[in-house]
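Source file: query20.csv (CSV, C-alpha atoms)
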```csv
chain,number,residue,atom,x,y,z
S,14,MET,CA,-21.3,-15.2,2.8
S,15,ARG,CA,-22.1,-12.8,-0.1
S,16,PHE,CA,-19.3,-10.2,-0.3
S,17,ALA,CA,-19.2,-6.9,-2.2
S,18,VAL,CA,-16.9,-3.9,-2.5
S,19,VAL,CA,-18.2,-0.4,-3.1
S,20,PHE,CA,-15.4,1.8,-4.6
S,21,ARG,CA,-16.8,4.5,-6.8
S,22,ASN,CA,-13.5,5.4,-8.6
S,23,PHE,CA,-12.3,1.9,-9.2
S,24,GLU,CA,-10.0,1.6,-12.2
S,25,GLU,CA,-8.1,-1.3,-13.7
S,26,ILE,CA,-5.0,-0.5,-11.7
S,27,HIS,CA,-6.9,-1.2,-8.5
S,28,ILE,CA,-7.3,-4.9,-9.4
S,29,SER,CA,-3.7,-5.4,-8.3
S,30,LYS,CA,-4.1,-3.2,-5.2
S,31,ASP,CA,-5.9,-3.8,-1.9
S,32,VAL,CA,-9.3,-2.8,-3.3
S,33,GLY,CA,-9.2,-5.7,-5.8
S,34,GLY,CA,-6.8,-7.9,-4.0
S,35,ILE,CA,-9.0,-8.5,-0.9
S,36,PRO,CA,-12.1,-9.7,-2.8
S,37,ILE,CA,-9.8,-11.8,-5.1
S,38,ALA,CA,-8.1,-13.4,-2.1
S,39,ILE,CA,-11.3,-14.2,-0.2
S,40,SER,CA,-13.1,-15.4,-3.3
S,41,LYS,CA,-11.1,-18.7,-3.0
S,42,SER,CA,-13.0,-19.4,0.2
S,43,LEU,CA,-16.5,-18.2,-0.9
S,44,SER,CA,-19.2,-20.1,-2.7
S,45,SER,CA,-20.2,-16.9,-4.6
S,46,THR,CA,-18.2,-14.4,-6.6
S,47,PRO,CA,-17.5,-11.1,-4.9
S,48,ILE,CA,-19.0,-8.1,-6.6
S,49,ILE,CA,-17.3,-4.7,-7.1
S,50,TYR,CA,-19.5,-1.7,-7.6
S,51,TYR,CA,-17.9,1.3,-9.3
S,52,SER,CA,-18.6,4.2,-11.6
S,53,GLY,CA,-16.3,4.3,-14.7
S,54,LYS,CA,-16.3,4.7,-18.4
S,55,ILE,CA,-14.7,1.3,-19.0
S,56,GLN,CA,-16.2,-2.0,-18.2
S,57,LEU,CA,-13.7,-4.1,-16.2
S,58,ASN,CA,-13.3,-7.8,-16.0
S,59,HIS,CA,-11.5,-10.4,-13.8
S,60,HIS,CA,-12.1,-14.1,-13.6
S,61,ARG,CA,-12.6,-14.1,-9.8
S,62,LEU,CA,-14.7,-10.9,-9.7
S,63,GLU,CA,-18.0,-9.6,-10.9
S,64,PHE,CA,-18.0,-5.9,-11.8
S,65,LYS,CA,-21.1,-3.8,-11.7
S,66,ASN,CA,-20.6,-0.4,-13.3
S,67,PHE,CA,-23.1,2.3,-12.4
S,68,TYR,CA,-21.6,5.1,-14.4
S,69,LYS,CA,-23.2,8.2,-12.8
S,70,LYS,CA,-21.8,11.7,-12.6
S,71,ASN,CA,-23.9,12.3,-9.5
S,72,LYS,CA,-22.7,10.6,-6.3
S,73,MET,CA,-26.1,10.3,-4.8
S,74,ILE,CA,-27.6,8.5,-7.8
S,75,PHE,CA,-24.6,6.1,-7.9
S,76,TYR,CA,-25.1,5.2,-4.2
S,77,LEU,CA,-28.8,4.8,-4.6
S,78,CYS,CA,-28.3,2.4,-7.6
S,79,VAL,CA,-25.8,0.4,-5.5
S,80,LEU,CA,-28.1,0.2,-2.5
S,81,LYS,CA,-30.9,-1.1,-4.7
S,82,ASP,CA,-28.6,-3.8,-6.2
S,83,LEU,CA,-27.1,-4.8,-2.9
S,84,ILE,CA,-30.6,-5.6,-1.7
S,85,LYS,CA,-31.4,-7.5,-4.9
S,86,GLU,CA,-28.2,-9.5,-4.7
S,87,ASP,CA,-28.7,-10.2,-1.0
S,88,ILE,CA,-25.2,-9.1,-0.1
S,89,ASP,CA,-24.2,-9.9,3.5
S,90,VAL,CA,-21.0,-8.0,3.9
S,91,VAL,CA,-20.1,-4.7,2.2
S,92,ASN,CA,-16.4,-3.6,2.1
S,93,LEU,CA,-15.8,0.2,2.0
S,94,TYR,CA,-12.6,2.2,2.0
S,95,HIS,CA,-11.3,5.3,3.9
S,96,LEU,CA,-12.5,6.8,7.1
S,97,ASN,CA,-14.1,9.9,5.5
S,98,SER,CA,-17.6,11.3,5.7
S,99,GLU,CA,-18.7,9.9,2.3
S,100,THR,CA,-17.8,6.4,3.4
S,101,LEU,CA,-19.4,6.8,6.9
S,102,TYR,CA,-22.7,8.2,5.6
S,103,PHE,CA,-23.0,5.3,3.2
S,104,ALA,CA,-22.1,2.9,6.0
S,105,LEU,CA,-25.0,4.3,8.0
S,106,LEU,CA,-27.4,3.6,5.2
S,107,LEU,CA,-26.1,0.1,4.9
S,108,LYS,CA,-26.5,-0.6,8.6
S,109,LEU,CA,-30.1,0.7,8.4
S,110,LEU,CA,-30.7,-1.9,5.7
S,111,GLY,CA,-29.2,-4.6,8.0
S,112,LYS,CA,-25.9,-5.1,6.1
S,113,LYS,CA,-22.6,-5.9,7.8
S,114,VAL,CA,-20.0,-3.3,7.1
S,115,TYR,CA,-16.2,-3.7,6.9
S,116,ILE,CA,-14.1,-0.5,6.3
S,117,LYS,CA,-10.5,-0.8,5.3
S,118,SER,CA,-9.1,2.6,6.5
S,119,ASP,CA,-6.1,2.9,4.2
S,120,ILE,CA,-4.7,5.6,6.5
S,121,ASN,CA,-1.3,7.3,7.1
S,122,PHE,CA,0.3,8.4,10.3
S,123,ASN,CA,-0.8,12.1,10.0
S,124,ASP,CA,-4.4,11.3,9.3
S,125,ALA,CA,-4.4,8.6,12.1
S,126,GLU,CA,-3.2,11.2,14.6
S,127,VAL,CA,-5.8,13.7,13.6
S,128,LEU,CA,-8.6,11.1,13.7
S,129,LYS,CA,-7.6,9.8,17.1
S,130,LYS,CA,-7.7,13.2,18.6
S,131,TYR,CA,-11.0,13.9,16.9
S,132,PHE,CA,-12.6,10.7,18.1
S,133,GLU,CA,-11.5,11.3,21.6
S,134,ARG,CA,-12.6,14.9,21.7
S,135,GLU,CA,-15.8,14.8,19.6
S,136,TYR,CA,-17.1,11.6,21.2
S,137,PHE,CA,-20.8,12.3,20.4
S,138,LYS,CA,-20.4,13.9,16.9
S,139,LEU,CA,-22.1,12.0,14.0
S,140,ASN,CA,-19.0,10.3,12.5
S,141,PRO,CA,-17.8,8.7,15.7
S,142,LEU,CA,-21.4,7.6,16.4
S,143,ILE,CA,-21.6,6.0,12.9
S,144,LEU,CA,-18.3,4.2,13.6
S,145,ARG,CA,-19.9,2.5,16.6
S,146,LEU,CA,-22.2,0.8,14.1
S,147,VAL,CA,-19.5,-0.4,11.7
S,148,ASP,CA,-18.8,-4.1,12.2
S,149,LEU,CA,-15.1,-4.3,11.3
S,150,ILE,CA,-12.4,-1.7,10.7
S,151,SER,CA,-8.9,-2.6,9.6
S,152,VAL,CA,-5.7,-0.6,9.7
S,153,GLU,CA,-2.5,-1.3,7.8
S,154,SER,CA,0.2,-0.3,10.2
S,155,ARG,CA,0.9,-2.0,13.6
S,156,GLU,CA,1.7,1.4,15.1
S,157,ILE,CA,-1.7,2.9,14.1
S,158,PHE,CA,-3.4,-0.3,15.3
S,159,GLU,CA,-1.8,0.0,18.7
S,160,ASN,CA,-2.8,3.7,18.9
S,161,PHE,CA,-6.4,3.1,17.8
S,162,LYS,CA,-6.8,0.2,20.3
S,163,GLY,CA,-6.9,2.9,23.0
S,164,ILE,CA,-10.2,4.3,21.7
S,165,LYS,CA,-12.9,2.3,23.5
S,166,PHE,CA,-15.5,2.2,20.8
S,167,LEU,CA,-13.0,1.1,18.2
S,168,SER,CA,-11.0,-1.6,20.0
S,169,LYS,CA,-13.5,-4.5,19.7
S,170,ARG,CA,-14.1,-3.9,15.9
S,171,LEU,CA,-10.5,-3.2,15.0
S,172,MET,CA,-8.0,-5.5,13.2
S,173,TYR,CA,-4.5,-5.3,11.8
S,174,LEU,CA,-4.4,-6.0,8.0
S,175,PRO,CA,-1.1,-4.8,6.4
S,176,ASN,CA,-0.9,-4.3,2.6
S,177,THR,CA,1.2,-7.4,1.7
S,178,ILE,CA,1.3,-10.1,-0.9
S,179,THR,CA,1.6,-13.9,-0.8
S,180,VAL,CA,5.3,-14.5,-0.1
S,181,LYS,CA,5.7,-18.1,1.1
S,182,ASP,CA,5.6,-19.6,-2.4
S,183,LEU,CA,7.6,-17.0,-4.2
S,184,ASN,CA,10.7,-18.1,-6.0
S,185,VAL,CA,13.0,-15.4,-4.7
S,186,LEU,CA,16.5,-15.1,-5.9
S,187,ASP,CA,19.2,-15.6,-3.3
S,188,TRP,CA,20.9,-12.4,-2.1
S,189,ARG,CA,24.1,-13.2,-3.9
S,190,GLN,CA,22.3,-13.7,-7.2
S,191,LYS,CA,20.6,-10.3,-7.1
S,192,ASP,CA,21.9,-7.4,-9.1
S,193,ASN,CA,23.3,-4.2,-7.5
S,194,ASN,CA,20.1,-2.2,-8.3
S,195,ILE,CA,18.5,0.5,-6.3
S,196,LEU,CA,14.8,0.8,-7.4
S,197,VAL,CA,12.7,4.0,-7.0
S,198,VAL,CA,9.1,3.2,-7.8
S,199,ALA,CA,6.8,6.2,-7.6
S,200,ARG,CA,4.9,9.0,-9.4
S,201,HIS,CA,8.0,11.0,-10.0
S,202,GLY,CA,7.5,14.8,-9.6
S,203,CYS,CA,4.6,14.3,-7.2
S,204,PRO,CA,5.3,16.4,-4.1
S,205,ILE,CA,4.2,13.8,-1.6
S,206,LYS,CA,6.5,11.2,-3.2
S,207,ASN,CA,9.4,13.6,-3.1
S,208,THR,CA,11.7,11.6,-5.4
S,209,GLU,CA,13.4,14.9,-6.4
S,210,VAL,CA,15.4,14.7,-3.2
S,211,ILE,CA,17.1,11.6,-4.6
S,212,LEU,CA,18.3,13.6,-7.6
S,213,GLN,CA,19.8,16.2,-5.3
S,214,ALA,CA,21.4,13.5,-3.2
S,215,LEU,CA,23.0,11.8,-6.2
S,216,LEU,CA,24.5,15.1,-7.3
S,217,GLY,CA,26.6,15.0,-4.1
S,218,ILE,CA,27.8,11.4,-4.7
S,219,THR,CA,31.0,10.9,-6.7
S,220,ASP,CA,31.0,7.2,-7.3
S,221,LEU,CA,28.2,4.6,-7.6
S,222,SER,CA,30.7,1.9,-8.2
S,223,SER,CA,28.8,-1.1,-9.8
S,224,TRP,CA,25.4,0.1,-8.7
S,225,ASN,CA,22.5,1.1,-10.9
S,226,ILE,CA,19.7,3.5,-10.0
S,227,TYR,CA,16.3,2.8,-11.7
S,228,PHE,CA,13.5,5.4,-11.6
S,229,ILE,CA,10.3,3.5,-12.5
S,230,GLY,CA,6.9,5.1,-12.9
S,231,THR,CA,5.2,8.1,-14.4
S,232,ALA,CA,7.0,11.4,-14.2
S,233,THR,CA,6.3,15.1,-14.7
S,234,GLU,CA,8.1,17.0,-17.4
S,235,ASP,CA,9.9,19.0,-14.7
S,236,PHE,CA,11.2,15.9,-13.0
S,237,LEU,CA,12.4,14.4,-16.3
S,238,ASN,CA,14.3,17.7,-17.1
S,239,LYS,CA,16.0,17.5,-13.8
S,240,LEU,CA,16.8,13.8,-14.3
S,241,ASP,CA,18.4,14.6,-17.7
S,242,ASP,CA,20.4,17.4,-16.1
S,243,LEU,CA,21.7,14.9,-13.5
S,244,ILE,CA,22.6,12.3,-16.1
S,245,ARG,CA,24.5,14.9,-18.2
S,246,ALA,CA,26.3,16.2,-15.1
S,247,LYS,CA,27.5,12.7,-14.0
S,248,GLY,CA,28.2,11.4,-17.5
S,249,THR,CA,28.9,7.7,-18.2
S,250,SER,CA,30.3,7.1,-14.7
S,251,PHE,CA,26.8,6.9,-13.3
S,252,SER,CA,24.2,4.2,-14.3
S,253,ILE,CA,20.9,6.0,-13.9
S,254,LYS,CA,17.9,4.8,-15.9
S,255,TYR,CA,14.3,5.8,-16.2
S,256,ILE,CA,11.5,3.5,-17.1
S,257,ASN,CA,8.1,5.0,-17.7
S,258,HIS,CA,5.6,2.2,-18.2
S,259,ILE,CA,6.1,-1.3,-17.0
S,260,LYS,CA,3.7,-4.2,-16.6
S,261,ASN,CA,3.2,-5.5,-13.1
S,262,THR,CA,4.8,-8.8,-13.9
S,263,GLU,CA,7.9,-7.1,-15.2
S,264,LEU,CA,8.0,-4.9,-12.1
S,265,LEU,CA,7.9,-7.9,-9.8
S,266,GLU,CA,10.7,-9.4,-11.8
S,267,PHE,CA,12.7,-6.1,-11.2
S,268,TYR,CA,12.1,-6.5,-7.5
S,269,ASN,CA,13.3,-10.1,-7.6
S,270,LYS,CA,16.6,-9.3,-9.3
S,271,SER,CA,17.4,-6.2,-7.3
S,272,LYS,CA,18.9,-5.7,-3.9
S,273,VAL,CA,17.5,-2.3,-2.7
S,274,PHE,CA,14.2,-0.4,-2.8
S,275,LEU,CA,14.3,3.4,-2.0
S,276,MET,CA,11.3,5.5,-0.9
S,277,THR,CA,11.4,9.2,0.0
S,278,SER,CA,7.7,9.8,0.5
S,279,ASN,CA,6.5,12.4,3.0
S,280,SER,CA,3.4,10.3,3.7
S,281,GLU,CA,2.1,6.8,2.8
S,282,ALA,CA,-0.7,4.6,3.9
S,283,PHE,CA,1.4,1.4,3.7
S,284,SER,CA,2.8,1.4,0.2
S,285,ILE,CA,2.1,-1.8,-1.8
S,286,ALA,CA,5.2,-1.1,-3.9
S,287,MET,CA,7.3,-1.2,-0.7
S,288,SER,CA,5.5,-4.4,0.4
S,289,GLU,CA,6.1,-6.1,-3.0
S,290,ALA,CA,9.8,-5.1,-2.9
S,291,ALA,CA,10.1,-6.6,0.6
S,292,ALA,CA,8.4,-9.8,-0.4
S,293,PHE,CA,11.0,-10.3,-3.1
S,294,GLY,CA,13.8,-9.6,-0.6
S,295,CYS,CA,14.8,-6.0,-1.4
S,296,GLN,CA,16.4,-4.2,1.5
S,297,ILE,CA,14.2,-1.1,2.3
S,298,ILE,CA,15.5,2.4,2.5
S,299,SER,CA,12.6,4.7,3.5
S,300,THR,CA,11.3,7.6,5.4
S,301,HIS,CA,9.3,6.8,8.5
S,302,VAL,CA,6.0,6.1,6.8
S,303,ALA,CA,3.3,3.6,7.6
S,304,GLY,CA,4.5,0.1,6.7
S,305,TYR,CA,8.2,0.7,7.1
S,306,ASP,CA,8.4,-0.6,10.7
S,307,ASP,CA,6.1,-3.5,9.8
S,308,LEU,CA,8.3,-4.6,6.9
S,309,THR,CA,11.7,-4.1,8.5
S,310,ASP,CA,11.0,-5.4,12.0
S,311,ASN,CA,11.1,-1.9,13.4
S,312,GLY,CA,14.1,-0.9,11.3
S,313,LYS,CA,16.2,-4.0,12.1
S,314,TYR,CA,16.5,-4.9,8.4
S,315,GLY,CA,16.0,-1.5,6.8
S,316,ILE,CA,17.5,1.9,6.6
S,317,SER,CA,15.4,4.8,7.9
S,318,ILE,CA,16.0,8.3,6.4
S,319,GLU,CA,14.8,11.7,7.3
S,320,LYS,CA,12.0,13.2,5.3
S,321,ASN,CA,13.0,15.8,2.7
S,322,SER,CA,16.7,15.4,3.7
S,323,VAL,CA,19.3,15.4,0.9
S,324,GLU,CA,22.1,14.5,3.4
S,325,SER,CA,20.2,11.6,5.0
S,326,THR,CA,19.3,10.2,1.6
S,327,ARG,CA,22.8,10.6,0.3
S,328,ASN,CA,24.3,8.9,3.3
S,329,ALA,CA,21.9,5.9,2.9
S,330,ILE,CA,22.8,5.5,-0.8
S,331,GLU,CA,26.5,5.8,-0.1
S,332,GLY,CA,26.2,3.3,2.8
S,333,ILE,CA,24.7,0.8,0.3
S,334,VAL,CA,27.3,1.4,-2.4
S,335,ASN,CA,30.2,0.9,0.0
S,336,SER,CA,28.4,-2.0,1.7
S,337,ARG,CA,28.5,-0.4,5.1
S,338,LEU,CA,24.7,-0.5,5.4
S,339,LEU,CA,24.0,-3.3,3.1
S,340,LEU,CA,22.6,-6.5,4.6
S,341,THR,CA,25.0,-9.4,4.9
S,342,ASN,CA,24.0,-12.8,3.6
S,343,SER,CA,23.0,-14.1,7.0
S,344,GLU,CA,21.1,-10.9,7.8
S,345,TRP,CA,19.2,-11.2,4.6
S,346,GLU,CA,18.2,-14.8,5.4
S,347,ASN,CA,16.8,-13.6,8.7
S,348,TYR,CA,15.0,-10.8,6.9
S,349,ARG,CA,13.4,-13.3,4.5
S,350,ASN,CA,12.3,-15.5,7.4
S,351,TYR,CA,10.8,-12.4,9.1
S,352,ILE,CA,8.8,-11.4,6.0
S,353,LYS,CA,7.5,-15.0,5.5
S,354,SER,CA,6.5,-15.4,9.1
S,355,ASN,CA,4.9,-12.0,9.6
S,356,MET,CA,3.9,-10.5,6.3
S,357,ASP,CA,2.3,-13.3,4.3
S,358,TYR,CA,-0.9,-12.1,2.7
S,359,ASP,CA,-2.7,-15.5,3.0
S,360,ASP,CA,-2.2,-15.5,6.7
S,361,HIS,CA,-3.7,-12.1,7.2
S,362,ILE,CA,-6.6,-12.9,4.7
S,363,SER,CA,-7.3,-16.0,6.8
S,364,GLU,CA,-7.7,-13.8,9.9
S,365,LEU,CA,-9.9,-11.4,7.9
S,366,LEU,CA,-12.1,-14.2,6.8
S,367,ARG,CA,-12.4,-15.5,10.3
S,368,ARG,CA,-13.5,-12.1,11.5
S,369,LEU,CA,-16.0,-11.6,8.7
S,370,ASN,CA,-17.6,-15.0,9.2
S,371,ASN,CA,-18.0,-14.2,12.9
S,372,LEU,CA,-19.8,-10.9,12.3
```
Spell out the structure here as structure tokens.
Amino acid sequence: MRFAVVFRNFEEIHISKDVGGIPIAISKSLSSTPIIYYSGKIQLNHHRLEFKNFYKKNKMIFYLCVLKDLIKEDIDVVNLYHLNSETLYFALLLKLLGKKVYIKSDINFNDAEVLKKYFEREYFKLNPLILRLVDLISVESREIFENFKGIKFLSKRLMYLPNTITVKDLNVLDWRQKDNNILVVARHGCPIKNTEVILQALLGITDLSSWNIYFIGTATEDFLNKLDDLIRAKGTSFSIKYINHIKNTELLEFYNKSKVFLMTSNSEAFSIAMSEAAAFGCQIISTHVAGYDDLTDNGKYGISIEKNSVESTRNAIEGIVNSRLLLTNSEWENYRNYIKSNMDYDDHISELLRRLNNL
């Protein structure tokens, strides 16, 4: 099987995300190197991938160049991303050329609900008609998978593929060896990530005891100003730290030595950061976004908080600090076994390969 990904805005950061992770994972089982087609100012490299850069300002010219090369390279399966018109129109061209098409939807709860109603109501519109031609469509959340299964023309070409990492061979620190760290990994100041609600919640907490709060990731100037105000208000009694840039290997080590991962997003399409944190045994505190139920066994091993709620966020943090909501050692062991049994990337990639080979 000759496999290629077409992702026009591919950047180096995507190599460690699903867009790069899927072709890297399946490359181990292919006789040829997967190709990634993109349009960028920088030529990218990876030992398991071949990058073809068609740097064109015009979308149409980019896609025409890609189509020509797909034919030249005799590609069998083309992997596209997102259920939008740009993706679907290109998928139609690929099908007319006799290519197999796999779309990874990368979809959140809100968009899934809108699309489900659209597909059911506008049955004969162009986009639903194109989707009938697509060979395989994956969704990241089990809840979205179950909802989409009820759409007749999707059910047979649908599969569940969560954004996870390989967990079975990870050297994860024991729960008792981990530090009392709460990690917040996001683009701080971005409205959809809503990490400012954490700053407001911390203002109402009088004691963090032996716990440390780490804000990791890029941040707006406004967010940093509010963070500085919080640190000044709390003084030395609170351990709150900000880390701007961190290598992925260092971030994974942070996950490994920390007990808790906190997410306050208003919307997510199965966060890879949350998935990595769970893989390294972090207890998840999160709003109800795609991936939370999958990673916590429907909340059994996590703490669900209300969106944009200072009180709910504060209660969750206080529940961790006073150990009321913190996992016990035995609960954490069960949590680790759940993640290894249900969220291992290699297991899901094996199923993806099986489906692709049967197209």
How close does each residue of segment 208-252 of chain S get to segment 332-356 of chain S, giving the shortest atom pair and distance in Å to one decimal for every residue with an atom at most 10 Å away, counting only C-alpha atoms, sorted by chain and residue number, as JSON lines?
```
{"residue": "S:Asp220", "atom": "CA", "partner": "S:Val334", "partner_atom": "CA", "distance": 8.4}
{"residue": "S:Leu221", "atom": "CA", "partner": "S:Val334", "partner_atom": "CA", "distance": 6.2}
{"residue": "S:Ser222", "atom": "CA", "partner": "S:Val334", "partner_atom": "CA", "distance": 6.7}
{"residue": "S:Ser223", "atom": "CA", "partner": "S:Val334", "partner_atom": "CA", "distance": 8.0}
{"residue": "S:Trp224", "atom": "CA", "partner": "S:Val334", "partner_atom": "CA", "distance": 6.7}
{"residue": "S:Asn225", "atom": "CA", "partner": "S:Val334", "partner_atom": "CA", "distance": 9.8}
```
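Going from atom CA of Gly248 of chain S to atom CA of Gln213 of chain S covers 15.6 Å.
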List the residues sitting within 10 Å of (-9.3, -6.7, -12.6) in the file's frame, using only C-alpha atoms, as a PyMOL selection string. chain S and resi 23-30+33-34+37+49+57-64
Excluding same-chain residues fewer than 4 positions from Leu146 of chain S, what lies within 12 Å of it counting all atoms listed in the file, as a VMD selection string? chain S and resid 101 to 109 111 to 116 139 to 142 150 166 to 167 169 to 170
List every residue of segment 183-248 of chain S that has an atom at most 9 Å from any atom of segment 271-291 of chain S, giving for each one its closest atom pair and the distance in Å to one decimal, counting all atoms listed in the file, sorted by chain and then by ascending residue number, as a Markdown table.
```
| residue | atom | partner | partner_atom | distance |
| --- | --- | --- | --- | --- |
| S:Trp188 | CA | S:Lys272 | CA | 7.2 |
| S:Gln190 | CA | S:Ser271 | CA | 9.0 |
| S:Lys191 | CA | S:Ser271 | CA | 5.2 |
| S:Asp192 | CA | S:Ser271 | CA | 5.0 |
| S:Asn193 | CA | S:Lys272 | CA | 5.9 |
| S:Asn194 | CA | S:Ser271 | CA | 4.9 |
| S:Ile195 | CA | S:Val273 | CA | 4.7 |
| S:Leu196 | CA | S:Phe274 | CA | 4.8 |
| S:Val197 | CA | S:Leu275 | CA | 5.3 |
| S:Val198 | CA | S:Ala286 | CA | 7.0 |
| S:Ala199 | CA | S:Met276 | CA | 8.1 |
| S:Pro204 | CA | S:Asn279 | CA | 8.2 |
| S:Ile205 | CA | S:Asn279 | CA | 5.3 |
| S:Lys206 | CA | S:Ser278 | CA | 4.1 |
| S:Asn207 | CA | S:Ser278 | CA | 5.5 |
| S:Thr208 | CA | S:Thr277 | CA | 5.9 |
| S:Glu209 | CA | S:Thr277 | CA | 8.8 |
| S:Val210 | CA | S:Thr277 | CA | 7.5 |
| S:Ile211 | CA | S:Thr277 | CA | 7.7 |
```
Restricting it to C-alpha atoms, dump the selection as an mmCIF file, in the frame of the given file.
```cif
data_model
loop_
_atom_site.group_PDB
_atom_site.id
_atom_site.type_symbol
_atom_site.label_atom_id
_atom_site.label_comp_id
_atom_site.auth_asym_id
_atom_site.auth_seq_id
_atom_site.Cartn_x
_atom_site.Cartn_y
_atom_site.Cartn_z
ATOM 1 C CA TRP S 188 20.900 -12.400 -2.100
ATOM 2 C CA GLN S 190 22.300 -13.700 -7.200
ATOM 3 C CA LYS S 191 20.600 -10.300 -7.100
ATOM 4 C CA ASP S 192 21.900 -7.400 -9.100
ATOM 5 C CA ASN S 193 23.300 -4.200 -7.500
ATOM 6 C CA ASN S 194 20.100 -2.200 -8.300
ATOM 7 C CA ILE S 195 18.500 0.500 -6.300
ATOM 8 C CA LEU S 196 14.800 0.800 -7.400
ATOM 9 C CA VAL S 197 12.700 4.000 -7.000
ATOM 10 C CA VAL S 198 9.100 3.200 -7.800
ATOM 11 C CA ALA S 199 6.800 6.200 -7.600
ATOM 12 C CA PRO S 204 5.300 16.400 -4.100
ATOM 13 C CA ILE S 205 4.200 13.800 -1.600
ATOM 14 C CA LYS S 206 6.500 11.200 -3.200
ATOM 15 C CA ASN S 207 9.400 13.600 -3.100
ATOM 16 C CA THR S 208 11.700 11.600 -5.400
ATOM 17 C CA GLU S 209 13.400 14.900 -6.400
ATOM 18 C CA VAL S 210 15.400 14.700 -3.200
ATOM 19 C CA ILE S 211 17.100 11.600 -4.600
#
```
Near-Thr179 of chain S list (9 Å; all atoms listed in the file; drop same-chain fewer than 5 positions) as a PDB file with C-alpha atoms, in the frame of the given file:
```
ATOM      1  CA  ALA S 292       8.400  -9.800  -0.400  1.00  0.00           C
ATOM      2  CA  LYS S 353       7.500 -15.000   5.500  1.00  0.00           C
ATOM      3  CA  MET S 356       3.900 -10.500   6.300  1.00  0.00           C
ATOM      4  CA  ASP S 357       2.300 -13.300   4.300  1.00  0.00           C
ATOM      5  CA  TYR S 358      -0.900 -12.100   2.700  1.00  0.00           C
ATOM      6  CA  ASP S 359      -2.700 -15.500   3.000  1.00  0.00           C
ATOM      7  CA  ASP S 360      -2.200 -15.500   6.700  1.00  0.00           C
TER       8      ASP S 360
END
```
Neighbours of point (15.8, -2.1, 3.5) within 6 Å, using all atoms listed in the file, written as a PyMOL selection string: chain S and resi 296-298+314-316
Just the selected residues (C-alpha atoms), exported as a compact mmCIF listing (two decimals), keeping the file's coordinate frame, please.
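Listed below is the output, again_27.txt:
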```txt
# COMPACT_ATOMS: atom_id res chain seq x y z
CA GLN S 296 16.40 -4.20 1.50
CA ILE S 297 14.20 -1.10 2.30
CA ILE S 298 15.50 2.40 2.50
CA TYR S 314 16.50 -4.90 8.40
CA GLY S 315 16.00 -1.50 6.80
CA ILE S 316 17.50 1.90 6.60
```
Near-Leu83 of chain S list (10 Å; only C-alpha atoms; drop same-chain fewer than 4 positions) as JSON, numbers by chain: {"S": [15, 16, 17, 19, 48, 50, 77, 78, 79, 87, 88, 89, 90, 91, 107, 110, 112]}
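Closest approach to Phe251 of chain S among S:Ser118, S:Phe236, S:Leu216, S:Arg200 is made by S:Leu216 (distances from only C-alpha atoms).
Atom CA of Val185 of chain S to atom CA of Phe293 of chain S spans 5.7 Å [interatomic distance, one decimal].
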Separating atom CA of Thr233 of chain S from atom CA of Lys254 of chain S, to the nearest tenth of an Å, is a gap of 15.6 Å
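Between Ser325 of chain S and the candidates S:Ile120, S:Leu215, S:Asn22, S:Arg368, the tightest atom-to-atom separation, counting all atoms listed in the file, involves S:Leu215.
Distance check against Phe122 of chain S using only C-alpha atoms: of S:Asp235, S:Asp241, S:Glu153, S:Asp182, the minimum falls on S:Glu153.
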Contacts of His301 of chain S at 8 Å (all atoms listed in the file; same-chain gap of 3+ positions) as a PyMOL selection string: chain S and resi 305-306+317-320
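In terms of minimum interatomic distance to Ser42 of chain S, S:Met14 ranks closest within S:Val152, S:Leu264, S:Ile178, S:Met14, counting all atoms listed in the file.
Proximity ranking of S:Lys65, S:Arg189, S:Leu183, S:Lys129 relative to Gly163 of chain S places S:Lys129 first, based on all atoms listed in the file.
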